[in-house]
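Asks: For reference, the file my_file-v2.txt (compact mmCIF, C-alpha atoms (C1' of nucleotides)) is included below:
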```txt
# COMPACT_ATOMS: atom_id res chain seq x y z
CA MET O 1 0.00 0.00 0.00
CA ALA O 2 1.29 3.41 -0.95
CA LYS O 3 1.92 5.84 1.87
CA ARG O 4 -0.63 8.55 2.28
CA ARG O 5 0.75 11.89 1.25
CA TYR O 6 -2.20 14.28 1.32
CA TRP O 7 -4.33 15.49 4.22
CA LEU O 8 -7.05 17.87 5.23
CA MET O 9 -6.89 19.52 8.64
CA LYS O 10 -9.71 21.54 10.16
CA SER O 11 -9.43 24.60 12.32
CA GLU O 12 -11.92 27.21 13.37
CA PRO O 13 -10.44 30.46 12.06
CA GLY O 14 -11.45 32.25 15.25
CA THR O 15 -9.10 29.87 17.04
CA TYR O 16 -6.39 29.52 14.41
CA SER O 17 -6.63 30.63 10.78
CA ILE O 18 -4.52 30.27 7.65
CA GLN O 19 -3.60 33.93 8.18
CA ASP O 20 -2.27 33.05 11.63
CA LEU O 21 -0.22 30.27 10.07
CA GLU O 22 1.08 32.59 7.35
CA ARG O 23 2.19 35.09 9.98
CA GLU O 24 3.83 32.52 12.24
CA GLY O 25 5.31 30.27 9.55
CA SER O 26 4.57 27.04 11.37
CA THR O 27 2.56 25.73 14.30
CA MET O 28 1.91 22.69 16.45
CA TRP O 29 -1.37 21.08 15.39
CA GLU O 30 -2.43 21.03 19.01
CA GLY O 31 -5.65 20.12 20.74
CA VAL O 32 -6.73 17.12 18.67
CA ARG O 33 -8.62 14.90 21.13
CA ASN O 34 -10.00 12.25 18.85
CA TYR O 35 -8.33 8.85 18.61
CA GLN O 36 -8.82 8.37 14.89
CA ALA O 37 -7.32 11.77 14.10
CA ARG O 38 -4.49 11.15 16.56
CA ASN O 39 -3.73 7.77 14.99
CA LEU O 40 -3.46 9.38 11.57
CA MET O 41 -0.96 11.95 12.83
CA ARG O 42 0.94 9.41 14.88
CA ASP O 43 1.10 6.60 12.32
CA GLU O 44 0.61 8.10 8.88
CA CYS O 45 1.75 11.70 8.63
CA GLN O 46 5.22 12.18 7.23
CA VAL O 47 7.42 15.24 6.89
CA GLY O 48 6.68 16.81 3.53
CA ASP O 49 3.08 15.66 3.27
CA LEU O 50 0.80 18.38 1.92
CA VAL O 51 -2.25 19.58 3.82
CA LEU O 52 -5.46 21.33 2.82
CA PHE O 53 -6.03 23.90 5.58
CA TYR O 54 -9.78 23.92 6.19
CA HIS O 55 -11.71 26.63 8.00
CA SER O 56 -14.64 25.11 9.89
CA SER O 57 -17.55 26.97 11.48
CA ALA O 58 -16.59 29.90 9.28
CA LYS O 59 -18.22 32.23 6.77
CA PRO O 60 -17.84 30.47 4.52
CA SER O 61 -16.45 27.16 5.70
CA GLY O 62 -13.97 25.76 3.21
CA VAL O 63 -10.38 25.24 2.16
CA ALA O 64 -8.37 28.36 2.89
CA GLY O 65 -4.88 27.36 1.82
CA LEU O 66 -2.07 24.83 1.84
CA ALA O 67 0.29 23.68 4.55
CA ARG O 68 2.96 21.02 4.86
CA VAL O 69 3.80 18.55 7.62
CA SER O 70 7.10 19.81 9.00
CA THR O 71 7.96 17.49 11.90
CA ALA O 72 7.72 13.87 12.92
CA PRO O 73 4.97 13.07 15.43
CA TYR O 74 5.59 13.96 19.08
CA PRO O 75 3.51 14.32 22.26
CA ASP O 76 1.11 17.27 22.35
CA PRO O 77 2.42 19.38 25.27
CA THR O 78 -0.96 21.03 25.79
CA GLN O 79 -2.36 17.83 27.29
CA PHE O 80 -0.23 18.52 30.39
CA GLU O 81 -1.00 22.24 30.69
CA VAL O 82 -3.24 22.11 33.72
CA LYS O 83 -4.87 25.49 33.14
CA GLY O 84 -5.06 25.19 29.37
CA PRO O 85 -8.09 24.34 27.28
CA TYR O 86 -6.57 21.07 26.08
CA HIS O 87 -5.59 19.63 29.46
CA ASP O 88 -6.13 15.90 29.83
CA PRO O 89 -5.69 14.92 33.49
CA THR O 90 -5.86 11.24 32.63
CA SER O 91 -2.90 11.30 30.26
CA ASP O 92 0.26 9.76 31.71
CA PRO O 93 3.39 11.89 31.13
CA ASN O 94 5.38 8.66 30.79
CA ASP O 95 3.01 7.45 28.09
CA PRO O 96 1.36 10.51 26.57
CA ARG O 97 -2.00 9.88 25.01
CA TRP O 98 -2.14 12.73 22.48
CA ILE O 99 0.31 13.06 19.63
CA LEU O 100 0.69 15.84 17.08
CA VAL O 101 2.80 17.09 14.18
CA ASP O 102 3.83 20.59 13.24
CA VAL O 103 2.64 22.09 9.98
CA GLU O 104 4.21 24.97 8.05
CA HIS O 105 2.58 27.51 5.80
CA VAL O 106 2.76 26.88 2.06
CA GLU O 107 0.16 29.12 0.48
CA THR O 108 -2.92 31.16 1.36
CA PHE O 109 -5.50 30.92 -1.38
CA PRO O 110 -6.76 34.19 -2.88
CA GLU O 111 -10.21 33.13 -1.72
CA VAL O 112 -11.52 30.29 0.40
CA VAL O 113 -12.86 27.41 -1.69
CA PRO O 114 -16.21 26.99 0.04
CA LEU O 115 -17.60 23.63 1.05
CA THR O 116 -20.54 24.31 -1.28
CA ALA O 117 -18.09 24.48 -4.21
CA LEU O 118 -16.53 21.17 -3.19
CA LYS O 119 -19.99 19.61 -3.00
CA ALA O 120 -20.87 21.00 -6.43
CA GLU O 121 -17.86 19.35 -8.05
CA PRO O 122 -18.71 15.85 -9.36
CA ALA O 123 -15.06 14.80 -9.27
CA LEU O 124 -15.05 15.42 -5.50
CA ALA O 125 -18.21 13.45 -4.70
CA ASP O 126 -16.17 10.78 -2.88
CA MET O 127 -14.00 13.23 -0.93
CA LEU O 128 -14.37 12.61 2.80
CA VAL O 129 -14.94 16.21 3.79
CA VAL O 130 -18.10 16.48 1.68
CA GLN O 131 -19.64 13.37 3.27
CA LYS O 132 -22.45 13.92 5.76
CA GLY O 133 -21.51 13.57 9.40
CA GLN O 134 -17.78 13.52 8.70
CA ARG O 135 -16.29 15.20 11.74
CA LEU O 136 -12.67 14.07 11.73
CA SER O 137 -10.36 17.04 12.21
CA VAL O 138 -7.49 15.29 10.41
CA MET O 139 -8.43 13.22 7.39
CA PRO O 140 -6.70 11.67 4.39
CA VAL O 141 -7.27 13.12 0.92
CA ASP O 142 -6.82 11.33 -2.39
CA LYS O 143 -4.13 12.86 -4.57
CA ASP O 144 -6.59 13.44 -7.41
CA HIS O 145 -8.98 15.19 -5.03
CA PHE O 146 -6.14 17.28 -3.66
CA LYS O 147 -5.10 18.38 -7.12
CA ARG O 148 -8.68 19.19 -8.04
CA VAL O 149 -9.11 21.41 -4.99
CA CYS O 150 -5.85 23.17 -5.80
CA ARG O 151 -7.10 23.82 -9.31
CA LEU O 152 -10.43 25.17 -8.05
CA ALA O 153 -8.46 27.49 -5.76
CA GLY O 154 -6.15 28.76 -8.47
CA ALA O 155 -3.27 27.54 -6.32
CA LYS O 156 0.27 28.60 -7.18
CA THR O 157 1.71 25.43 -5.69
CA LYS O 158 2.19 22.68 -8.24
CA ILE O 159 1.35 19.14 -7.18
CA ARG O 160 3.55 16.54 -8.81
C1' DG K 1 -29.61 28.63 17.88
C1' DC K 2 -30.93 24.16 16.02
C1' DC K 3 -30.02 19.66 15.32
C1' DA K 4 -27.99 15.46 12.89
C1' DA K 5 -24.17 12.63 13.32
C1' DC K 6 -21.06 10.39 15.84
C1' DG K 7 -17.69 9.45 19.79
C1' DT K 8 -17.28 8.44 24.68
C1' DT K 9 -18.76 6.99 29.16
C1' DG K 10 -20.60 4.12 32.47
C1' DG K 11 -24.36 1.18 34.49
C1' DC K 12 -25.82 -3.28 34.15
C1' DG T 1 -20.76 -6.69 25.58
C1' DC T 2 -24.91 -3.88 25.18
C1' DC T 3 -26.84 0.42 24.92
C1' DA T 4 -28.78 4.78 26.90
C1' DA T 5 -27.20 9.14 28.19
C1' DC T 6 -24.36 12.66 27.33
C1' DG T 7 -20.93 15.69 25.00
C1' DT T 8 -18.91 17.54 20.80
C1' DT T 9 -18.61 18.80 16.02
C1' DG T 10 -19.92 21.57 12.52
C1' DG T 11 -23.21 22.75 8.72
C1' DC T 12 -27.01 25.46 8.17
```
I need this file expressed as structure tokens, please.
Replies:
Amino acid sequence: MAKRRYWLMKSEPGTYSIQDLEREGSTMWEGVRNYQARNLMRDECQVGDLVLFYHSSAKPSGVAGLARVSTAPYPDPTQFEVKGPYHDPTSDPNDPRWILVDVEHVETFPEVVPLTALKAEPALADMLVVQKGQRLSVMPVDKDHFKRVCRLAGAKTKIR
DNA sequence: GCCAACGTTGGC
DNA sequence: GCCAACGTTGGC
């Protein structure tokens, strides 16, 4: 089986937006508290993998730009920040439960590609993010779907 | 704000 | 192991 190379990661722009990532250059993808999403970051993400940066609960919700996985997986430090929003008192420091990767900014799209546009595209009918009830905050994306979204966005980045 | 979908928890 | 209750996500 070929390694996965393409991802979609969701963030509420009020919490962390593509503009925040552009300003900072890179960030820890912190606060993921879902086992399936964690397993993908822990077991599947590789340095260099490309990421669709998705704005959720936004106006409009949609793909706002591109990022790239920039580190190997490591424990999410926010799980041990007692006063932080992502504290997990049941996580053992000697065997941390929550794992993350860093992502770096690649490109901010001129305009968000709204979810409605993804749903309107027949070639994207099988894409996970357009499926009903799909709540994973980190999800794999087929290369063909990734390229299609980049084309819809008028992306500068070329996908080989 | 509503609510459908889905994950987690905990009683049994 | 079942499943009801509850919490969260996220589109609308």
Asks: CA of Arg5 in chain O and CA of Asp49 in chain O are how many Å apart?
Replies: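 Spanning CA of Arg5 in chain O to CA of Asp49 in chain O is a straight-line distance of 4.9 Å.
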Asks: Would you pick out the contacts of Val129 in chain O at 9 Å or less, using all atoms listed in the file, so that residues sharing its chain but fewer than 2 positions from it are not included, and give the list as a PDB file with C-alpha atoms, in the coordinates of the input?
Replies:
```
ATOM      1  CA  LEU O   8      -7.050  17.870   5.230  1.00  0.00           C
ATOM      2  CA  LEU O 115     -17.600  23.630   1.050  1.00  0.00           C
ATOM      3  CA  LEU O 118     -16.530  21.170  -3.190  1.00  0.00           C
ATOM      4  CA  ASP O 126     -16.170  10.780  -2.880  1.00  0.00           C
ATOM      5  CA  MET O 127     -14.000  13.230  -0.930  1.00  0.00           C
ATOM      6  CA  GLN O 131     -19.640  13.370   3.270  1.00  0.00           C
ATOM      7  CA  LYS O 132     -22.450  13.920   5.760  1.00  0.00           C
ATOM      8  CA  GLN O 134     -17.780  13.520   8.700  1.00  0.00           C
ATOM      9  CA  ARG O 135     -16.290  15.200  11.740  1.00  0.00           C
ATOM     10  CA  LEU O 136     -12.670  14.070  11.730  1.00  0.00           C
ATOM     11  CA  MET O 139      -8.430  13.220   7.390  1.00  0.00           C
ATOM     12  CA  VAL O 141      -7.270  13.120   0.920  1.00  0.00           C
TER      13      VAL O 141
END
```
Asks: Check which residues of chain K sit at most 10 Å from chain O using only C-alpha atoms (C1' of nucleotides), and return one row each with the closest pair of atoms and their distance in Å to one decimal, ordered by chain and rising number, as JSON lines.
Replies:
```
{"residue": "K:DA4", "atom": "C1'", "partner": "O:Gly133", "partner_atom": "CA", "distance": 7.6}
{"residue": "K:DA5", "atom": "C1'", "partner": "O:Gly133", "partner_atom": "CA", "distance": 4.8}
{"residue": "K:DC6", "atom": "C1'", "partner": "O:Gly133", "partner_atom": "CA", "distance": 7.2}
{"residue": "K:DG7", "atom": "C1'", "partner": "O:Asn34", "partner_atom": "CA", "distance": 8.2}
```
Asks: Restrict the selected residues to C-alpha atoms (C1' of nucleotides) and save them as a short mmCIF file (atom, residue, chain, number, x, y, z; two decimals), in the frame of the given file.
Replies:
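Contents of part_7.cif, as written:
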```cif
data_model
loop_
_atom_site.label_atom_id
_atom_site.label_comp_id
_atom_site.auth_asym_id
_atom_site.auth_seq_id
_atom_site.Cartn_x
_atom_site.Cartn_y
_atom_site.Cartn_z
"C1'" DA K 4 -27.99 15.46 12.89
"C1'" DA K 5 -24.17 12.63 13.32
"C1'" DC K 6 -21.06 10.39 15.84
"C1'" DG K 7 -17.69 9.45 19.79
#
```
Asks: Show which residues sit within 10 Å of Asp144 in chain O, as JSON, numbers by chain. Count only C-alpha atoms (C1' of nucleotides), and ignore same-chain residues fewer than 5 positions away.
Replies: {"O": [6, 123, 124, 127, 149, 150, 159]}
Asks: Considering only C-alpha atoms (C1' of nucleotides), return as a PyMOL selection string whatever protein or nucleic-acid residues lie within 12 Å of Glu81 in chain O, sequence-local ones (same chain, fewer than 5 positions apart) excluded.
Replies: chain O and resi 30-31+76+86-89+91+93
Asks: Figure out the distance between C1' of DC12 in chain T and CA of Thr108 in chain O, please, to one decimal in Å.
Replies: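 Those two atoms sit 25.7 Å apart.
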Asks: Could you work out how far CA of Arg160 in chain O lies from CA of Tyr54 in chain O, giving the answer in Å with one decimal?
Replies: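 Going from CA of Tyr54 in chain O over to CA of Arg160 in chain O covers 21.4 Å.
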Asks: Please supply range 100-111 of chain O, rebuilt with all heavy atoms, as a short mmCIF file (atom, residue, chain, number, x, y, z; two decimals), in the coordinates of the input.
Replies:
```cif
data_model
loop_
_atom_site.label_atom_id
_atom_site.label_comp_id
_atom_site.auth_asym_id
_atom_site.auth_seq_id
_atom_site.Cartn_x
_atom_site.Cartn_y
_atom_site.Cartn_z
N LEU O 100 0.94 14.87 18.15
CA LEU O 100 0.69 15.84 17.08
C LEU O 100 1.87 15.93 16.13
O LEU O 100 2.93 15.34 16.38
CB LEU O 100 0.37 17.22 17.67
CG LEU O 100 1.34 17.88 18.65
CD1 LEU O 100 2.69 18.23 18.01
CD2 LEU O 100 0.73 19.14 19.24
N VAL O 101 1.70 16.67 15.06
CA VAL O 101 2.80 17.09 14.18
C VAL O 101 2.74 18.60 14.06
O VAL O 101 1.71 19.22 14.35
CB VAL O 101 2.71 16.44 12.78
CG1 VAL O 101 2.87 14.92 12.87
CG2 VAL O 101 1.40 16.82 12.07
N ASP O 102 3.85 19.19 13.63
CA ASP O 102 3.83 20.59 13.24
C ASP O 102 3.49 20.70 11.75
O ASP O 102 3.83 19.80 10.97
CB ASP O 102 5.21 21.24 13.45
CG ASP O 102 5.52 21.48 14.92
OD1 ASP O 102 4.77 21.02 15.79
OD2 ASP O 102 6.56 22.13 15.18
N VAL O 103 2.85 21.79 11.40
CA VAL O 103 2.64 22.09 9.98
C VAL O 103 3.19 23.49 9.70
O VAL O 103 3.17 24.37 10.56
CB VAL O 103 1.15 22.01 9.57
CG1 VAL O 103 0.61 20.62 9.83
CG2 VAL O 103 0.31 23.07 10.25
N GLU O 104 3.68 23.67 8.47
CA GLU O 104 4.21 24.97 8.05
C GLU O 104 3.37 25.52 6.91
O GLU O 104 2.77 24.77 6.14
CB GLU O 104 5.67 24.84 7.64
CG GLU O 104 5.88 23.94 6.42
CD GLU O 104 7.36 23.71 6.12
OE1 GLU O 104 8.20 24.16 6.91
OE2 GLU O 104 7.65 23.08 5.09
N HIS O 105 3.37 26.85 6.83
CA HIS O 105 2.58 27.51 5.80
C HIS O 105 3.18 27.28 4.41
O HIS O 105 4.40 27.34 4.25
CB HIS O 105 2.53 29.02 6.08
CG HIS O 105 1.68 29.78 5.13
ND1 HIS O 105 2.18 30.42 4.02
CD2 HIS O 105 0.33 29.97 5.11
CE1 HIS O 105 1.18 30.99 3.37
NE2 HIS O 105 0.05 30.75 4.00
N VAL O 106 2.33 27.00 3.45
CA VAL O 106 2.76 26.88 2.06
C VAL O 106 2.15 27.99 1.22
O VAL O 106 2.85 28.68 0.48
CB VAL O 106 2.38 25.50 1.48
CG1 VAL O 106 2.67 25.44 -0.02
CG2 VAL O 106 3.14 24.39 2.22
N GLU O 107 0.84 28.17 1.35
CA GLU O 107 0.16 29.12 0.48
C GLU O 107 -1.20 29.46 1.08
O GLU O 107 -1.90 28.57 1.57
CB GLU O 107 -0.03 28.46 -0.90
CG GLU O 107 -0.86 29.27 -1.86
CD GLU O 107 -0.95 28.62 -3.25
OE1 GLU O 107 -0.26 27.61 -3.51
OE2 GLU O 107 -1.72 29.14 -4.07
N THR O 108 -1.55 30.73 1.04
CA THR O 108 -2.92 31.16 1.36
C THR O 108 -3.64 31.41 0.05
O THR O 108 -3.15 32.15 -0.79
CB THR O 108 -2.90 32.44 2.21
OG1 THR O 108 -2.17 32.20 3.42
CG2 THR O 108 -4.32 32.88 2.55
N PHE O 109 -4.76 30.75 -0.13
CA PHE O 109 -5.50 30.92 -1.38
C PHE O 109 -6.05 32.34 -1.47
O PHE O 109 -6.38 32.94 -0.45
CB PHE O 109 -6.66 29.92 -1.47
CG PHE O 109 -6.25 28.48 -1.61
CD1 PHE O 109 -7.09 27.46 -1.18
CD2 PHE O 109 -5.02 28.13 -2.17
CE1 PHE O 109 -6.73 26.13 -1.31
CE2 PHE O 109 -4.65 26.79 -2.31
CZ PHE O 109 -5.51 25.80 -1.87
N PRO O 110 -6.18 32.85 -2.71
CA PRO O 110 -6.76 34.19 -2.88
C PRO O 110 -8.14 34.28 -2.23
O PRO O 110 -8.50 35.29 -1.64
CB PRO O 110 -6.85 34.36 -4.40
CG PRO O 110 -5.89 33.37 -4.97
CD PRO O 110 -5.81 32.24 -3.99
N GLU O 111 -8.91 33.20 -2.38
CA GLU O 111 -10.21 33.13 -1.72
C GLU O 111 -10.41 31.71 -1.21
O GLU O 111 -9.93 30.75 -1.81
CB GLU O 111 -11.35 33.46 -2.70
CG GLU O 111 -11.34 34.90 -3.19
CD GLU O 111 -12.51 35.18 -4.11
OE1 GLU O 111 -13.57 34.54 -3.93
OE2 GLU O 111 -12.35 36.03 -5.01
#
```
